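Q: You'll find my_file11.txt just under this line, and it carries compact mmCIF, C-alpha atoms.
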# COMPACT_ATOMS: atom_id res chain seq x y z
CA MET A 389 115.32 121.63 82.62
CA SER A 390 113.47 120.65 85.78
CA LEU A 391 109.93 121.87 86.45
CA VAL A 392 108.88 123.41 89.76
CA ARG A 393 105.26 123.25 90.85
CA LEU A 394 103.61 126.47 92.01
CA ASN A 395 100.55 127.33 94.10
CA ILE A 396 98.69 130.64 94.23
CA LYS A 397 99.60 132.58 97.36
CA GLY A 398 97.45 135.66 96.80
CA ILE A 399 96.86 138.86 94.86
CA SER A 400 98.37 142.25 95.68
CA TYR A 401 97.07 145.60 94.37
CA SER A 402 99.80 147.56 92.60
CA GLN A 403 100.54 150.89 94.28
CA THR A 404 102.41 152.25 91.25
CA GLN A 405 100.50 150.89 88.25
CA ASN A 406 96.90 152.04 88.14
CA GLY A 407 94.47 149.16 87.67
CA ALA A 408 97.22 146.54 87.88
CA TYR A 409 97.68 143.72 90.37
CA ALA A 410 100.51 141.38 91.27
CA LEU A 411 99.63 137.70 91.35
CA ILE A 412 101.90 135.93 93.85
CA LEU A 413 102.77 132.30 93.17
CA ASN A 414 104.53 130.16 95.76
CA GLU A 415 106.80 127.18 95.02
CA VAL A 416 105.28 124.04 96.54
CA ASP A 417 108.50 122.59 97.95
CA GLY A 418 110.21 125.86 98.90
CA ASP A 419 109.83 129.39 100.21
CA ARG A 420 110.30 131.46 97.07
CA LYS A 421 107.47 133.56 95.66
CA LEU A 422 107.01 134.49 92.00
CA PRO A 423 105.22 137.85 91.50
CA ILE A 424 103.50 138.42 88.13
CA VAL A 425 101.83 141.69 87.11
CA ILE A 426 98.29 141.13 85.79
CA GLY A 427 95.34 143.31 84.81
CA ALA A 428 92.25 144.05 86.89
CA PHE A 429 89.92 141.81 84.83
CA GLU A 430 92.26 138.81 85.14
CA ALA A 431 92.74 139.49 88.87
CA GLN A 432 88.95 139.49 89.31
CA SER A 433 88.60 136.26 87.33
CA ILE A 434 91.31 134.53 89.38
CA ALA A 435 89.84 135.81 92.68
CA ILE A 436 86.37 134.51 91.76
CA ALA A 437 87.81 131.09 90.89
CA LEU A 438 89.70 131.02 94.20
CA GLU A 439 86.65 131.98 96.24
CA LYS A 440 84.52 129.17 94.72
CA GLU A 441 81.44 130.42 96.61
CA ILE A 442 81.04 133.44 94.31
CA ARG A 443 79.13 132.61 91.13
CA PRO A 444 78.62 135.44 88.62
CA PRO A 445 75.11 135.49 87.09
CA ARG A 446 76.59 135.16 83.59
CA PRO A 447 79.82 133.30 82.73
CA LEU A 448 83.01 135.35 82.63
CA THR A 449 85.31 134.90 79.63
CA HIS A 450 87.34 132.18 81.37
CA ASP A 451 84.15 130.42 82.50
CA LEU A 452 82.92 130.52 78.89
CA PHE A 453 86.19 128.94 77.73
CA LYS A 454 85.77 126.20 80.36
CA ASN A 455 82.16 125.52 79.32
CA PHE A 456 83.20 125.43 75.66
CA ALA A 457 86.08 123.05 76.40
CA ASP A 458 83.84 120.77 78.49
CA ARG A 459 81.28 120.59 75.69
CA PHE A 460 83.93 119.45 73.21
CA ASP A 461 85.85 117.19 75.62
CA ILE A 462 88.97 119.36 75.79
CA VAL A 463 90.93 119.21 79.04
CA VAL A 464 93.64 121.61 80.22
CA LYS A 465 96.08 119.21 81.88
CA GLN A 466 98.67 121.70 83.11
CA VAL A 467 100.07 125.20 82.70
CA ILE A 468 103.77 125.89 82.22
CA ILE A 469 105.31 129.34 82.65
CA HIS A 470 108.16 128.71 80.24
CA LYS A 471 109.85 132.05 79.51
CA LEU A 472 110.68 135.43 81.09
CA VAL A 473 111.74 138.31 78.84
CA ASP A 474 112.01 141.95 80.02
CA GLY A 475 109.76 141.27 83.01
CA VAL A 476 107.06 139.58 80.87
CA PHE A 477 106.19 135.93 81.58
CA TYR A 478 105.19 133.60 78.74
CA SER A 479 103.02 130.55 79.34
CA SER A 480 101.59 127.50 77.61
CA LEU A 481 98.42 125.49 78.14
CA ILE A 482 98.97 121.75 77.81
CA CYS A 483 95.61 120.50 76.49
CA GLU A 484 94.28 117.07 75.59
CA ARG A 485 91.39 115.83 73.44
CA ASP A 486 90.85 112.24 72.33
CA LYS A 487 94.24 111.37 73.87
CA ILE A 488 95.95 113.86 71.54
CA GLU A 489 98.01 116.51 73.34
CA GLU A 490 98.27 120.08 72.07
CA ILE A 491 100.29 123.04 73.36
CA ILE A 492 98.59 126.45 73.18
CA ASP A 493 100.33 129.78 73.79
CA ALA A 494 98.60 131.97 76.42
CA ARG A 495 99.11 135.04 78.55
CA THR A 496 100.15 133.90 82.01
CA SER A 497 97.17 135.59 83.70
CA ASP A 498 94.72 133.82 81.36
CA ALA A 499 96.57 130.51 81.72
CA ILE A 500 96.32 130.63 85.52
CA ALA A 501 92.66 131.68 85.46
CA LEU A 502 91.99 128.61 83.32
CA ALA A 503 94.22 126.32 85.40
CA LEU A 504 92.04 127.12 88.42
CA ARG A 505 88.86 126.24 86.55
CA PHE A 506 90.29 122.96 85.24
CA GLN A 507 92.02 122.21 88.58
CA ALA A 508 95.22 121.89 86.56
CA PRO A 509 98.68 122.17 88.16
CA ILE A 510 100.88 125.20 87.45
CA PHE A 511 104.60 124.79 86.78
CA THR A 512 107.61 126.90 85.89
CA TYR A 513 111.20 126.04 85.09
CA LYS A 514 113.80 126.18 87.84
CA ASN A 515 115.91 128.74 85.97
CA ILE A 516 112.94 131.15 85.81
CA LEU A 517 112.34 130.79 89.55
CA ASP A 518 116.07 131.29 90.17
CA LYS A 519 115.93 134.50 88.15
CA ALA A 520 112.62 136.00 89.30
CA GLY A 521 111.75 134.24 92.56
CA ILE A 522 111.91 136.26 95.78
CA TYR A 523 111.86 135.60 99.52
CA LEU A 524 109.36 137.73 101.42
CA LYS A 525 110.37 138.99 104.85
CA VAL A 526 107.16 137.80 106.50
CA ASN A 527 106.66 136.41 109.96
CA PRO A 528 105.73 132.72 109.40
CA LYS A 529 102.97 132.88 112.03
CA LYS A 530 101.51 135.97 110.39
CA GLU A 531 101.72 134.33 106.97
CA ASP A 532 99.74 131.33 108.26
CA GLU A 533 97.08 133.63 109.69
CA GLU A 534 96.67 135.33 106.29
CA GLN A 535 96.52 132.10 104.32
CA ASP A 536 92.73 132.35 103.97
CA SER A 537 92.89 135.86 102.48
CA ILE A 538 93.22 136.33 98.72
CA LEU A 539 94.46 139.91 99.02
CA VAL A 540 97.84 140.18 100.75
CA ASP A 541 98.62 142.99 103.18
CA GLU A 542 100.37 146.32 102.41
CA PHE A 543 103.75 145.20 103.76
CA ILE A 544 103.88 142.26 101.35
CA ALA A 545 102.49 144.47 98.55
CA GLU A 546 105.40 146.90 98.96
CA GLU A 547 107.94 144.08 98.75
CA ILE A 548 106.20 142.71 95.67
CA GLU A 549 106.35 146.15 94.02
CA ASN A 550 110.10 146.33 94.61
CA ALA A 551 110.61 142.78 93.34
CA VAL A 552 108.65 143.44 90.14
CA ALA A 553 110.71 146.58 89.52
CA ASP A 554 113.87 144.51 90.00
CA GLN A 555 112.63 141.90 87.51
CA GLU A 556 112.09 144.56 84.89
CA GLY A 557 115.57 145.97 85.48
CA TYR A 558 114.45 149.58 85.89
CA LYS A 559 115.60 150.25 89.46
CA ASP A 560 119.27 150.41 88.45
CA LYS A 561 118.63 152.77 85.52
CA SER A 562 119.26 156.51 85.69
CA LEU A 563 116.47 158.97 84.83
CA GLU A 564 118.20 159.71 81.53
CA GLU A 565 118.29 155.99 80.68
CA LEU A 566 114.65 155.58 81.70
CA ASN A 567 113.55 158.48 79.49
CA SER A 568 115.47 156.96 76.60
CA LEU A 569 113.81 153.56 77.21
CA LEU A 570 110.41 155.28 77.45
CA GLU A 571 110.90 156.97 74.07
CA GLU A 572 112.02 153.67 72.53
CA ALA A 573 108.99 151.80 73.95
CA VAL A 574 106.58 154.44 72.60
CA ASN A 575 108.23 154.35 69.17
CA ASN A 576 107.85 150.55 69.17
CA GLU A 577 104.20 150.95 70.26
CA ASP A 578 104.94 148.83 73.34
CA TYR A 579 102.58 150.82 75.55
CA GLU A 580 102.50 148.30 78.41
CA LYS A 581 106.29 148.61 78.78
CA ALA A 582 106.06 152.39 78.38
CA ALA A 583 103.53 152.57 81.24
CA LYS A 584 105.86 150.59 83.54
CA ILE A 585 108.81 152.86 82.72
CA ARG A 586 106.66 155.97 83.23
CA ASP A 587 105.58 154.66 86.65
CA GLU A 588 109.24 154.11 87.62
CA ILE A 589 110.08 157.67 86.52
CA SER A 590 107.13 159.01 88.56
CA LYS A 591 108.39 157.17 91.69
CA ARG A 592 111.71 159.02 91.46
Could you write out this structure as structure tokens?
A:
Amino acid sequence: MSLVRLNIKGISYSQTQNGAYALILNEVDGDRKLPIVIGAFEAQSIAIALEKEIRPPRPLTHDLFKNFADRFDIVVKQVIIHKLVDGVFYSSLICERDKIEEIIDARTSDAIALALRFQAPIFTYKNILDKAGIYLKVNPKKEDEEQDSILVDEFIAEEIENAVADQEGYKDKSLEELNSLLEEAVNNEDYEKAAKIRDEISKR
């Protein structure tokens, strides 16, 4: 399967999931965007790494990982978003030490926060982008003007919200089906999924 390189486009605050953000990745040689729901801490860590001028007085968790890796000559060479299941992205860190390569499983938000600190490229597989990639209805001139901003505007945020709901497959479900899925998620102690379903029910 062919890999597609991604850049970070920006971060959008979630209007429906309290404390959640959507990280928007952009394919380098195309127009599709890949929205990924992340937590507030990870969003802050990614935003700080993007800003470069902001230096927290004490290292954040991802900064600590970078310092630890530097001390022991471990390099993150690249990040690959390799799987998408029920709206959840799975990623791997491709690391190297003493010319020996290791693959480490990671949450996508953590993987990208680390990729920024190691200046490592981010990739996904074409079939994942085909499945979850979206085209935003944005005026190209306006998009260029906003390129310097980490937070995207409300219009884009609304489109991202709809796209994330589509990814998770909840928009086409009836209220009865959603309530059934909510009960199943709670019984399985999958509270992150339960929160997403609850938010979709609340929007109705």
Q: Could you list, as number ranges by chain, every residue within 6 Å of stretch 462-472 of chain A, counting only C-alpha atoms and ignoring same-chain residues fewer than 6 positions away?
A: A: 478-485, 508-512
Q: What does the structure give for the distance between atom CA of A:Asp417 and atom CA of A:Leu524, in Å to one decimal?
A: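 The value is 15.6 Å.
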Q: As an exercise, work out the distance from atom CA of A:Phe429 to atom CA of A:Asp451 in Å and give it to one decimal place.
A: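 Value for the atom CA of A:Phe429-atom CA of A:Asp451 distance: 13.0 Å.
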Q: Quick one: residues within 12 Å of A:Arg505, only C-alpha atoms, excluding same-chain residues fewer than 2 positions away - as a VMD selection string?
A: chain A and resid 433 to 440 448 to 455 457 to 458 463 to 467 498 to 503 507 to 509
Q: In terms of the shortest atom-to-atom distance over all atoms listed in the file, which of A:Ala428, A:Ser568, A:Ser390, A:Ile522 is closest to A:Asn414?
A: A:Ile522
Q: Please indicate the distance in Å from atom CA of A:Lys519 to atom CA of A:Gly418, rounded to one decimal place.
A: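 Distance between the two atoms: 14.9 Å.
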Q: So, with all atoms listed in the file as the atoms that count, which of A:Leu563, A:Ala582, A:Ile412, A:Leu570 lies closest to A:Ile426?
A: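 Residue with the minimum atom-to-atom distance to A:Ile426: A:Ile412.
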Q: Of the candidates A:Ile442, A:Ala520, A:Ala408, A:Val476, which shows the shortest atom-to-atom distance to A:Arg495, using only C-alpha atoms?
A: A:Val476
Q: Which centre and which edge lengths, in Å to one decimal, describe the axis-aligned box that holds all listed atoms of stretch 464-467 of chain A after 3 Å is added on each side, as lines of an AutoDock Vina configuration file?
A:
center_x = 96.9
center_y = 122.2
center_z = 81.7
size_x = 12.4
size_y = 12.0
size_z = 8.9
Q: Using only C-alpha atoms, which of the listed residues (A:Ser562, A:Asn567, A:Ser400, A:Thr496) sits closest to A:Arg586?
A: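 Looking only at the distances to A:Arg586, the closest residue turns out to be A:Asn567.
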